[in-house]
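Everything below belongs to protein_30.cif, which stores mmCIF, C-alpha atoms.
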```
data_model
#
loop_
_atom_site.label_atom_id
_atom_site.label_comp_id
_atom_site.auth_asym_id
_atom_site.auth_seq_id
_atom_site.Cartn_x
_atom_site.Cartn_y
_atom_site.Cartn_z
CA MET A 19 24.89 9.83 24.51
CA LYS A 20 21.80 7.73 24.04
CA LEU A 21 20.20 7.22 20.63
CA TYR A 22 16.56 6.22 20.26
CA THR A 23 16.73 4.25 17.07
CA TYR A 24 15.11 1.62 14.87
CA PHE A 25 17.34 -0.53 12.72
CA ARG A 26 15.45 0.19 9.48
CA SER A 27 14.72 3.88 10.05
CA SER A 28 16.71 5.78 7.51
CA ALA A 29 16.66 8.97 9.62
CA ALA A 30 18.17 7.04 12.55
CA TYR A 31 20.66 5.42 10.15
CA ARG A 32 21.89 8.93 9.21
CA VAL A 33 22.57 9.83 12.83
CA ARG A 34 24.32 6.50 13.46
CA ILE A 35 26.66 7.21 10.54
CA ALA A 36 27.36 10.76 11.77
CA LEU A 37 28.11 9.57 15.32
CA ASN A 38 30.45 6.91 13.95
CA LEU A 39 32.23 9.31 11.58
CA LYS A 40 32.88 11.63 14.50
CA GLY A 41 33.98 8.74 16.71
CA LEU A 42 31.32 9.44 19.34
CA PRO A 43 30.24 6.39 21.36
CA TYR A 44 26.53 6.03 22.13
CA ASP A 45 24.03 3.61 23.60
CA SER A 46 21.24 2.37 21.36
CA VAL A 47 17.69 2.35 22.69
CA PRO A 48 15.60 0.49 20.13
CA VAL A 49 12.08 1.79 19.46
CA HIS A 50 10.20 -0.77 17.40
CA LEU A 51 8.13 1.06 14.78
CA ALA A 52 6.02 -1.91 13.76
CA ARG A 53 5.53 -3.89 16.97
CA GLY A 54 2.37 -3.48 19.11
CA GLY A 55 0.93 -0.69 16.97
CA GLY A 56 4.25 1.13 17.05
CA GLU A 57 6.33 1.71 20.17
CA GLN A 58 6.99 5.24 18.90
CA ARG A 59 3.38 6.14 19.67
CA ARG A 60 3.50 5.07 23.33
CA PRO A 61 3.13 7.88 25.89
CA GLU A 62 6.61 7.18 27.34
CA TYR A 63 8.18 7.80 23.95
CA LEU A 64 5.95 10.73 22.99
CA ALA A 65 7.19 12.45 26.16
CA ILE A 66 10.70 12.16 24.67
CA ASN A 67 9.74 13.01 21.08
CA PRO A 68 6.23 14.39 20.55
CA ALA A 69 6.53 13.67 16.82
CA GLY A 70 6.47 9.94 17.54
CA LEU A 71 9.38 9.43 15.18
CA VAL A 72 12.92 8.15 15.51
CA PRO A 73 15.64 9.17 16.00
CA ALA A 74 15.97 11.18 19.19
CA LEU A 75 19.33 11.80 20.81
CA GLU A 76 19.87 12.32 24.52
CA ASP A 77 22.99 14.28 25.37
CA GLY A 78 23.66 15.36 28.97
CA GLY A 79 19.99 15.46 29.90
CA ALA A 80 18.84 17.32 26.78
CA VAL A 81 16.82 15.54 24.11
CA LEU A 82 17.28 16.45 20.46
CA THR A 83 15.04 15.43 17.58
CA GLN A 84 15.05 15.62 13.76
CA SER A 85 18.00 13.85 12.19
CA LEU A 86 19.44 16.85 10.32
CA ALA A 87 19.12 19.11 13.38
CA ILE A 88 20.88 16.44 15.47
CA ILE A 89 23.72 16.17 12.95
CA GLU A 90 24.13 19.97 12.76
CA TYR A 91 24.33 19.92 16.59
CA LEU A 92 27.01 17.21 16.53
CA GLU A 93 28.88 19.29 13.93
CA GLU A 94 28.79 22.37 16.18
CA THR A 95 29.75 20.51 19.37
CA HIS A 96 32.28 18.12 17.77
CA PRO A 97 33.55 19.94 14.68
CA GLN A 98 36.11 17.32 13.60
CA PRO A 99 36.00 15.52 11.26
CA ALA A 100 33.81 18.10 9.54
CA LEU A 101 30.61 16.88 7.88
CA LEU A 102 30.00 20.40 6.57
CA PRO A 103 33.46 21.47 5.40
CA GLY A 104 34.36 24.38 3.18
CA ASP A 105 33.02 27.86 2.56
CA ALA A 106 29.39 28.97 2.77
CA LEU A 107 28.67 28.00 -0.86
CA THR A 108 30.14 24.53 -0.45
CA ARG A 109 28.19 24.04 2.76
CA ALA A 110 25.02 25.20 0.99
CA ARG A 111 25.64 22.65 -1.73
CA ILE A 112 26.16 19.86 0.81
CA ARG A 113 23.00 20.84 2.70
CA ALA A 114 20.97 21.07 -0.54
CA LEU A 115 21.99 17.53 -1.51
CA ALA A 116 21.13 16.30 1.99
CA GLN A 117 17.74 18.01 1.88
CA ALA A 118 16.97 16.76 -1.62
CA ILE A 119 16.89 13.39 0.12
CA ALA A 120 15.72 14.23 3.65
CA CYS A 121 12.95 16.62 2.56
CA ASP A 122 12.04 15.58 -0.98
CA ILE A 123 12.26 11.78 -0.94
CA HIS A 124 12.20 10.25 2.50
CA PRO A 125 9.12 11.91 4.12
CA ILE A 126 6.85 10.90 1.24
CA ASN A 127 7.78 7.24 1.81
CA ASN A 128 7.65 7.31 5.59
CA LEU A 129 5.85 4.39 7.27
CA ARG A 130 2.89 6.48 8.42
CA VAL A 131 2.35 7.83 4.88
CA LEU A 132 2.40 4.30 3.43
CA GLN A 133 -0.06 3.24 6.13
CA TYR A 134 -2.39 6.10 5.18
CA LEU A 135 -2.23 5.03 1.52
CA THR A 136 -3.35 1.50 2.29
CA ARG A 137 -5.71 2.14 5.21
CA GLU A 138 -7.42 5.37 4.14
CA LEU A 139 -7.11 5.35 0.37
CA GLY A 140 -7.32 1.58 -0.10
CA ALA A 141 -4.10 1.38 -2.10
CA SER A 142 -3.04 -2.17 -2.98
CA GLU A 143 0.35 -3.60 -2.05
CA GLU A 144 1.41 -3.08 -5.67
CA GLN A 145 0.19 0.54 -5.73
CA LYS A 146 2.06 1.20 -2.49
CA ASN A 147 5.29 -0.25 -3.86
CA THR A 148 4.89 1.68 -7.12
CA TRP A 149 4.43 4.88 -5.08
CA TYR A 150 7.56 4.09 -3.07
CA ARG A 151 9.68 3.40 -6.12
CA HIS A 152 8.32 6.44 -7.98
CA TRP A 153 9.59 8.90 -5.36
CA VAL A 154 12.91 7.13 -4.82
CA GLU A 155 13.72 6.77 -8.51
CA ARG A 156 12.65 10.29 -9.36
CA GLY A 157 14.27 11.80 -6.26
CA LEU A 158 17.60 10.06 -6.76
CA ALA A 159 17.56 11.12 -10.42
CA THR A 160 17.42 14.69 -9.12
CA VAL A 161 20.37 13.99 -6.83
CA GLU A 162 22.27 12.52 -9.79
CA ALA A 163 21.53 15.71 -11.80
CA MET A 164 22.60 17.90 -8.88
CA LEU A 165 25.87 15.97 -8.64
CA ALA A 166 26.43 16.54 -12.38
CA GLN A 167 26.05 20.31 -11.97
CA ALA A 168 29.45 20.77 -10.35
CA PRO A 169 32.78 19.12 -11.07
CA ARG A 170 33.48 16.47 -8.42
CA ASP A 171 37.06 16.25 -7.21
CA GLY A 172 36.77 13.27 -4.94
CA ARG A 173 35.08 9.98 -4.20
CA PHE A 174 32.17 11.44 -2.26
CA CYS A 175 29.26 13.77 -3.03
CA VAL A 176 31.36 16.85 -2.35
CA GLY A 177 35.11 16.42 -2.11
CA ASP A 178 37.23 13.54 -0.85
CA THR A 179 35.79 13.13 2.64
CA PRO A 180 32.26 12.07 3.58
CA THR A 181 29.88 14.91 4.34
CA LEU A 182 26.29 15.34 5.45
CA ALA A 183 25.26 14.65 1.85
CA ASP A 184 26.80 11.16 1.93
CA VAL A 185 25.33 10.58 5.39
CA CYS A 186 21.86 11.04 3.82
CA LEU A 187 22.66 9.31 0.53
CA VAL A 188 23.64 5.89 1.88
CA PRO A 189 20.44 5.18 3.88
CA GLN A 190 18.36 6.27 0.86
CA VAL A 191 20.30 3.91 -1.41
CA PHE A 192 19.76 1.14 1.17
CA ASN A 193 16.00 1.74 0.84
CA ALA A 194 16.24 1.85 -2.94
CA ARG A 195 17.82 -1.61 -2.91
CA ARG A 196 15.35 -2.95 -0.35
CA PHE A 197 12.39 -1.92 -2.50
CA GLU A 198 14.10 -3.04 -5.71
CA CYS A 199 14.09 0.39 -7.28
CA ARG A 200 15.76 1.07 -10.62
CA THR A 201 19.31 2.34 -10.14
CA ASP A 202 20.73 2.14 -13.68
CA HIS A 203 19.90 5.83 -14.22
CA ILE A 204 21.95 6.97 -11.20
CA PRO A 205 25.51 5.65 -11.75
CA THR A 206 27.20 8.47 -9.80
CA VAL A 207 24.91 8.04 -6.80
CA MET A 208 25.61 4.30 -6.75
CA ARG A 209 29.37 4.78 -7.13
CA ILE A 210 29.43 7.23 -4.22
CA ALA A 211 27.32 4.89 -2.05
CA GLY A 212 29.81 2.12 -2.84
CA ALA A 213 32.73 4.34 -1.80
CA CYS A 214 30.99 5.17 1.49
CA GLU A 215 30.31 1.53 2.20
CA THR A 216 34.02 0.77 2.25
CA LEU A 217 34.24 2.87 5.43
CA GLU A 218 33.75 1.29 8.85
CA ALA A 219 31.63 4.25 10.07
CA PHE A 220 29.04 3.53 7.37
CA ARG A 221 29.25 -0.26 7.67
CA LEU A 222 28.69 -0.32 11.43
CA ALA A 223 25.65 1.95 11.06
CA ALA A 224 23.89 -0.37 8.60
CA PRO A 225 20.48 -1.76 9.59
CA THR A 226 21.74 -5.35 9.54
CA ARG A 227 24.43 -4.51 12.12
CA GLN A 228 22.05 -3.03 14.72
CA PRO A 229 21.15 -4.79 17.99
CA ASP A 230 17.45 -4.69 17.07
CA ALA A 231 17.93 -6.04 13.52
CA GLU A 232 15.53 -8.77 12.51
CA MET B 10 20.30 38.44 -5.58
CA LYS B 11 17.64 36.85 -7.73
CA LEU B 12 14.94 34.62 -6.29
CA TYR B 13 13.09 32.10 -8.44
CA THR B 14 9.77 32.05 -6.68
CA TYR B 15 6.06 31.27 -6.92
CA PHE B 16 3.67 33.32 -4.84
CA ARG B 17 1.97 30.32 -3.24
CA SER B 18 5.05 28.11 -2.75
CA SER B 19 5.58 27.83 0.96
CA ALA B 20 9.27 26.98 0.52
CA ALA B 21 9.76 30.19 -1.51
CA TYR B 22 7.71 32.09 1.09
CA ARG B 23 10.24 30.99 3.76
CA VAL B 24 13.15 32.39 1.78
CA ARG B 25 11.29 35.64 1.09
CA ILE B 26 10.76 36.09 4.84
CA ALA B 27 14.42 35.35 5.60
CA LEU B 28 15.65 37.81 2.96
CA ASN B 29 13.32 40.49 4.35
CA LEU B 30 14.32 39.84 7.97
CA LYS B 31 17.95 40.26 7.00
CA GLY B 32 17.17 43.35 4.95
CA LEU B 33 18.57 41.86 1.75
CA PRO B 34 17.06 43.24 -1.46
CA TYR B 35 16.33 40.78 -4.27
CA ASP B 36 14.66 40.51 -7.64
CA SER B 37 11.74 38.10 -8.00
CA VAL B 38 11.66 35.78 -10.99
CA PRO B 39 8.24 34.11 -10.96
CA VAL B 40 8.08 30.45 -11.97
CA HIS B 41 4.45 29.48 -12.43
CA LEU B 42 3.93 25.99 -10.99
CA ALA B 43 0.52 25.41 -12.51
CA ARG B 44 0.66 27.16 -15.88
CA GLY B 45 1.44 25.24 -19.08
CA GLY B 46 2.12 21.94 -17.33
CA GLY B 47 4.35 23.71 -14.84
CA GLU B 48 7.07 26.19 -15.78
CA GLN B 49 9.30 24.52 -13.18
CA ARG B 50 9.60 21.49 -15.48
CA ARG B 51 10.84 23.45 -18.49
CA PRO B 52 14.42 22.68 -19.58
CA GLU B 53 15.51 26.30 -18.95
CA TYR B 54 14.46 26.02 -15.31
CA LEU B 55 15.71 22.46 -14.82
CA ALA B 56 19.15 23.74 -15.83
CA ILE B 57 18.90 26.11 -12.86
CA ASN B 58 17.31 23.67 -10.43
CA PRO B 59 17.28 20.00 -11.53
CA ALA B 60 14.69 19.25 -8.84
CA GLY B 61 12.13 21.29 -10.77
CA LEU B 62 11.07 23.00 -7.56
CA VAL B 63 11.09 26.55 -6.28
CA PRO B 64 12.79 28.38 -4.72
CA ALA B 65 16.26 28.80 -6.17
CA LEU B 66 18.46 31.74 -5.26
CA GLU B 67 21.09 33.24 -7.52
CA ASP B 68 23.86 35.06 -5.68
CA GLY B 69 26.90 36.36 -7.57
CA GLY B 70 26.65 33.74 -10.32
CA ALA B 71 26.08 30.79 -7.97
CA VAL B 72 22.69 29.10 -7.78
CA LEU B 73 21.46 27.70 -4.47
CA THR B 74 18.50 25.39 -3.98
CA GLN B 75 16.50 23.92 -1.08
CA SER B 76 14.90 26.56 1.13
CA LEU B 77 16.57 25.55 4.40
CA ALA B 78 20.00 25.29 2.78
CA ILE B 79 19.48 28.74 1.26
CA ILE B 80 18.52 30.23 4.63
CA GLU B 81 21.52 28.62 6.38
CA TYR B 82 23.67 30.18 3.63
CA LEU B 83 22.13 33.60 4.20
CA GLU B 84 22.74 33.13 7.94
CA GLU B 85 26.43 32.35 7.33
CA THR B 86 26.98 35.17 4.84
CA HIS B 87 24.78 37.79 6.58
CA PRO B 88 24.78 36.77 10.26
CA GLN B 89 22.71 39.71 11.57
CA PRO B 90 19.92 39.66 12.59
CA ALA B 91 20.47 36.02 13.56
CA LEU B 92 17.84 33.50 12.53
CA LEU B 93 19.73 30.80 14.45
CA PRO B 94 20.73 32.60 17.65
CA GLY B 95 21.98 31.06 20.87
CA ASP B 96 24.09 28.07 21.84
CA ALA B 97 24.24 24.73 20.04
CA LEU B 98 21.25 23.32 21.96
CA THR B 99 19.08 26.35 21.23
CA ARG B 100 20.04 26.21 17.56
CA ALA B 101 19.23 22.48 17.50
CA ARG B 102 15.81 23.25 18.93
CA ILE B 103 15.16 25.95 16.34
CA ARG B 104 16.26 23.64 13.52
CA ALA B 105 14.14 20.75 14.87
CA LEU B 106 11.02 22.97 14.87
CA ALA B 107 11.83 24.14 11.35
CA GLN B 108 12.33 20.58 10.13
CA ALA B 109 9.17 19.32 11.84
CA ILE B 110 7.48 21.56 9.28
CA ALA B 111 9.86 21.49 6.31
CA CYS B 112 10.48 17.72 6.43
CA ASP B 113 7.44 16.23 8.16
CA ILE B 114 4.51 18.30 6.88
CA HIS B 115 5.24 20.25 3.74
CA PRO B 116 6.74 17.59 1.40
CA ILE B 117 3.77 15.24 1.88
CA ASN B 118 1.42 17.97 0.67
CA ASN B 119 3.56 19.20 -2.19
CA LEU B 120 1.78 19.83 -5.50
CA ARG B 121 3.41 16.87 -7.27
CA VAL B 122 2.33 14.51 -4.46
CA LEU B 123 -1.25 15.75 -4.64
CA GLN B 124 -1.14 15.31 -8.42
CA TYR B 125 0.03 11.70 -7.98
CA LEU B 126 -2.84 11.03 -5.56
CA THR B 127 -5.46 12.16 -8.04
CA ARG B 128 -3.86 11.04 -11.32
CA GLU B 129 -2.31 7.72 -10.32
CA LEU B 130 -4.39 6.61 -7.35
CA GLY B 131 -7.68 8.12 -8.48
CA ALA B 132 -8.22 10.05 -5.26
CA SER B 133 -11.28 12.31 -5.30
CA GLU B 134 -11.10 16.04 -4.58
CA GLU B 135 -12.46 15.31 -1.11
CA GLN B 136 -9.92 12.55 -0.43
CA LYS B 137 -7.13 14.86 -1.55
CA ASN B 138 -8.30 17.65 0.77
CA THR B 139 -8.69 15.20 3.67
CA TRP B 140 -5.12 14.00 3.06
CA TYR B 141 -3.90 17.59 3.04
CA ARG B 142 -5.64 18.52 6.26
CA HIS B 143 -4.61 15.27 7.97
CA TRP B 144 -0.88 16.00 7.62
CA VAL B 145 -1.19 19.69 8.44
CA GLU B 146 -3.37 19.20 11.52
CA ARG B 147 -1.31 16.31 12.81
CA GLY B 148 2.00 17.96 11.99
CA LEU B 149 1.14 21.27 13.58
CA ALA B 150 -0.10 19.38 16.69
CA THR B 151 3.43 17.99 16.91
CA VAL B 152 4.86 21.49 16.63
CA GLU B 153 2.47 22.64 19.39
CA ALA B 154 3.68 19.77 21.61
CA MET B 155 7.32 20.60 20.83
CA LEU B 156 6.70 24.23 21.80
CA ALA B 157 5.16 23.04 25.10
CA GLN B 158 8.28 21.03 25.94
CA ALA B 159 10.37 24.07 26.85
CA PRO B 160 9.44 27.27 28.66
CA ARG B 161 8.99 30.09 26.14
CA ASP B 162 10.34 33.47 27.16
CA GLY B 163 9.21 35.53 24.22
CA ARG B 164 6.63 36.06 21.53
CA PHE B 165 8.18 33.76 18.98
CA CYS B 166 8.91 30.01 18.75
CA VAL B 167 12.21 30.41 20.56
CA GLY B 168 12.88 33.68 22.34
CA ASP B 169 11.83 37.22 21.55
CA THR B 170 13.13 37.55 18.00
CA PRO B 171 11.98 35.63 14.93
CA THR B 172 14.11 32.60 14.04
CA LEU B 173 14.24 29.95 11.34
CA ALA B 174 11.41 28.18 13.20
CA ASP B 175 9.07 31.15 12.73
CA VAL B 176 10.20 31.52 9.13
CA CYS B 177 8.87 27.98 8.50
CA LEU B 178 5.83 28.28 10.77
CA VAL B 179 4.12 31.22 9.07
CA PRO B 180 3.93 29.76 5.53
CA GLN B 181 2.60 26.49 6.99
CA VAL B 182 -0.09 28.36 8.92
CA PHE B 183 -0.95 30.23 5.71
CA ASN B 184 -1.54 26.85 4.04
CA ALA B 185 -3.54 25.61 7.03
CA ARG B 186 -5.88 28.56 6.64
CA ARG B 187 -6.09 28.21 2.87
CA PHE B 188 -7.19 24.57 3.15
CA GLU B 189 -9.47 25.33 6.10
CA CYS B 190 -7.64 23.05 8.51
CA ARG B 191 -8.60 22.85 12.18
CA THR B 192 -6.51 25.18 14.30
CA ASP B 193 -8.32 25.12 17.66
CA HIS B 194 -5.87 22.45 18.92
CA ILE B 195 -2.81 24.62 18.24
CA PRO B 196 -3.30 27.88 20.18
CA THR B 197 0.41 28.54 20.70
CA VAL B 198 1.22 28.03 17.02
CA MET B 199 -1.55 30.44 16.05
CA ARG B 200 -0.50 33.03 18.63
CA ILE B 201 3.09 32.94 17.36
CA ALA B 202 1.97 33.20 13.73
CA GLY B 203 -0.07 36.25 14.73
CA ALA B 204 2.96 37.84 16.38
CA CYS B 205 5.06 37.25 13.27
CA GLU B 206 2.41 38.75 11.04
CA THR B 207 2.72 42.10 12.82
CA LEU B 208 6.22 42.38 11.34
CA GLU B 209 6.77 44.01 7.96
CA ALA B 210 9.30 41.31 6.93
CA PHE B 211 6.62 38.64 7.20
CA ARG B 212 3.83 40.78 5.73
CA LEU B 213 5.78 41.74 2.61
CA ALA B 214 6.64 38.07 1.98
CA ALA B 215 3.02 36.94 1.98
CA PRO B 216 1.67 35.27 -1.20
CA THR B 217 -0.91 38.03 -1.74
CA ARG B 218 1.84 40.66 -1.84
CA GLN B 219 3.91 39.00 -4.58
CA PRO B 220 4.16 40.35 -8.12
CA ASP B 221 2.86 37.04 -9.51
CA ALA B 222 -0.09 36.80 -7.09
CA GLU B 223 -3.39 35.86 -8.67
#
```
Could you write out this structure as structure tokens?
Amino acid sequence: MKLYTYFRSSAAYRVRIALNLKGLPYDSVPVHLARGGGEQRRPEYLAINPAGLVPALEDGGAVLTQSLAIIEYLEETHPQPALLPGDALTRARIRALAQAIACDIHPINNLRVLQYLTRELGASEEQKNTWYRHWVERGLATVEAMLAQAPRDGRFCVGDTPTLADVCLVPQVFNARRFECRTDHIPTVMRIAGACETLEAFRLAAPTRQPDAE
Amino acid sequence: MKLYTYFRSSAAYRVRIALNLKGLPYDSVPVHLARGGGEQRRPEYLAINPAGLVPALEDGGAVLTQSLAIIEYLEETHPQPALLPGDALTRARIRALAQAIACDIHPINNLRVLQYLTRELGASEEQKNTWYRHWVERGLATVEAMLAQAPRDGRFCVGDTPTLADVCLVPQVFNARRFECRTDHIPTVMRIAGACETLEAFRLAAPTRQPDAE
């Protein structure tokens, strides 16, 4: 498999973790989101992914896009270890936690949105960073509240093995640290992220460990 | 089942369509997003959904949140008619189309984001509407390009029965019309939305047909 990736992209980071957890080897094809106006907007890449976003995964000639769709595909084609274990309700809970991050936090802070804020609305660097922190701090507070809704019987978001929820949580916590967001209001989130980071699959997927890291 | 819904919420609209397609009866519990500072932020509702967003679905005592997670749950518990038919690659394609809308368009135009633009960044009504249209027009152009990537052999996004992709497409097209977005660049998207709207399941889920419609 071939993964179109960018070291700092948190959507690509999710797929890297999932591939590692499932023990699936892949080749990295870096797509530099900031260089030369954004390599993701070049015609060669748009032919691969019309959204002009990373990640994209090539598997046996087919190209898949959207990080959560890619991970669901990996789950269906390589079921073990399961990232969506349990019954339908448990799986719904795992997916809801994942989407509370992948739908409700991350897209609002995507690079192109931040660029629109500064270029079109004239937001200052400080206003941009305040925006970023607002959605991360508020969004992770929601995740913390969601985690408090059900008794947790393990070290991870749901249960004692990492799931799709943890796969989304860790890259978001990475971004929270990078932008110096408050984290004192989300002790459970931070404890779970710490537990994940003891695992090789998460460590090897980290931005700093990628071939295109700066 | 009991659906916490708001007539104009496009995430709730998705779940209403899915419930109708599967022939599952439900009771609507309206949560008014604009009235009294937003009923979704009241403690009673936050106890149901800590995100303070609609929809939430109650099924046999359990509460589910996040529209896509809810629909995946309905798909697992009531598999027919399938909203994610086909092999793993086909399902990945359906999910990617759904997420191109549910992750890459809708969250950026969510009510709370628009409120932040005007209240915190001082955006004018015109700037807010330009923002809205920018993400819809650009995002639906991506969906159009994604649809062009594979031969279509039916009236819907993927195949000749409505799938999760169509369930997300129609509410987004509703919003595009409401905010008078350009649609001349997305003929396939508009043709598919038209095909969906001939079906009772989609028509009955429309905002104008809801008990809380204004």
- Message: Can you spell out as a list in words the set of residues that the PyMOL selection byres ((chain A) within 6 of (chain B)) selects in the structure I just provided?
- Response: Pro68, Ala69, Gln84, Ala87, Tyr91, Ala106, Ala110, Arg113, Ala114, Cys121, Ile126 and Thr160 of chain A
- Name every residue that the PyMOL selection byres ((chain A and resi 179-189) around 6) selects in this structure, writing the answer as a list of chain:residue names with chains first and numbers rising.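 On the file shown, the PyMOL selection byres ((chain A and resi 179-189) around 6) covers A:Ser28, A:Arg32, A:Leu101, A:Leu102, A:Ile112, A:Leu115, A:Ala116, A:Phe174, A:Gly177, A:Asp178, A:Gln190, A:Val191, A:Phe192, A:Ala211.
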- Message: Rounded to one decimal, what separation in Å do you get between CA of Pro52 (chain B) and CA of Pro34 (chain B)?
- Response: 27.5 Å
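Residues with any atom within 9 Å of Phe25 (chain A), counting all atoms listed in the file and excluding same-chain neighbours fewer than 6 positions away, are Tyr31, Pro48, Val49, His50, Ala223, Ala224, Pro225, Thr226, Arg227, Gln228, Pro229, Asp230, Ala231 and Glu232 of chain A.
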- When you draw a straight line from CA of Arg59 (chain A) to CA of Val72 (chain A), how long is it in Å?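 CA of Arg59 (chain A) sits 10.6 Å away from CA of Val72 (chain A).
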- Taking the file as shown, what set of residues would the PyMOL selection byres ((chain A and resi 216-221) around 8) give back, as a list in words? Ile35, Ala36, Asn38, Leu39, Gly212, Ala213, Cys214, Glu215, Leu222, Ala223, Ala224 and Arg227 of chain A
- Query: Which one of A:Glu144, A:Glu198, A:Glu62, A:Glu76 sits closest to Tyr44 (chain A) if you count all atoms listed in the file?
  - Reply: A:Glu76
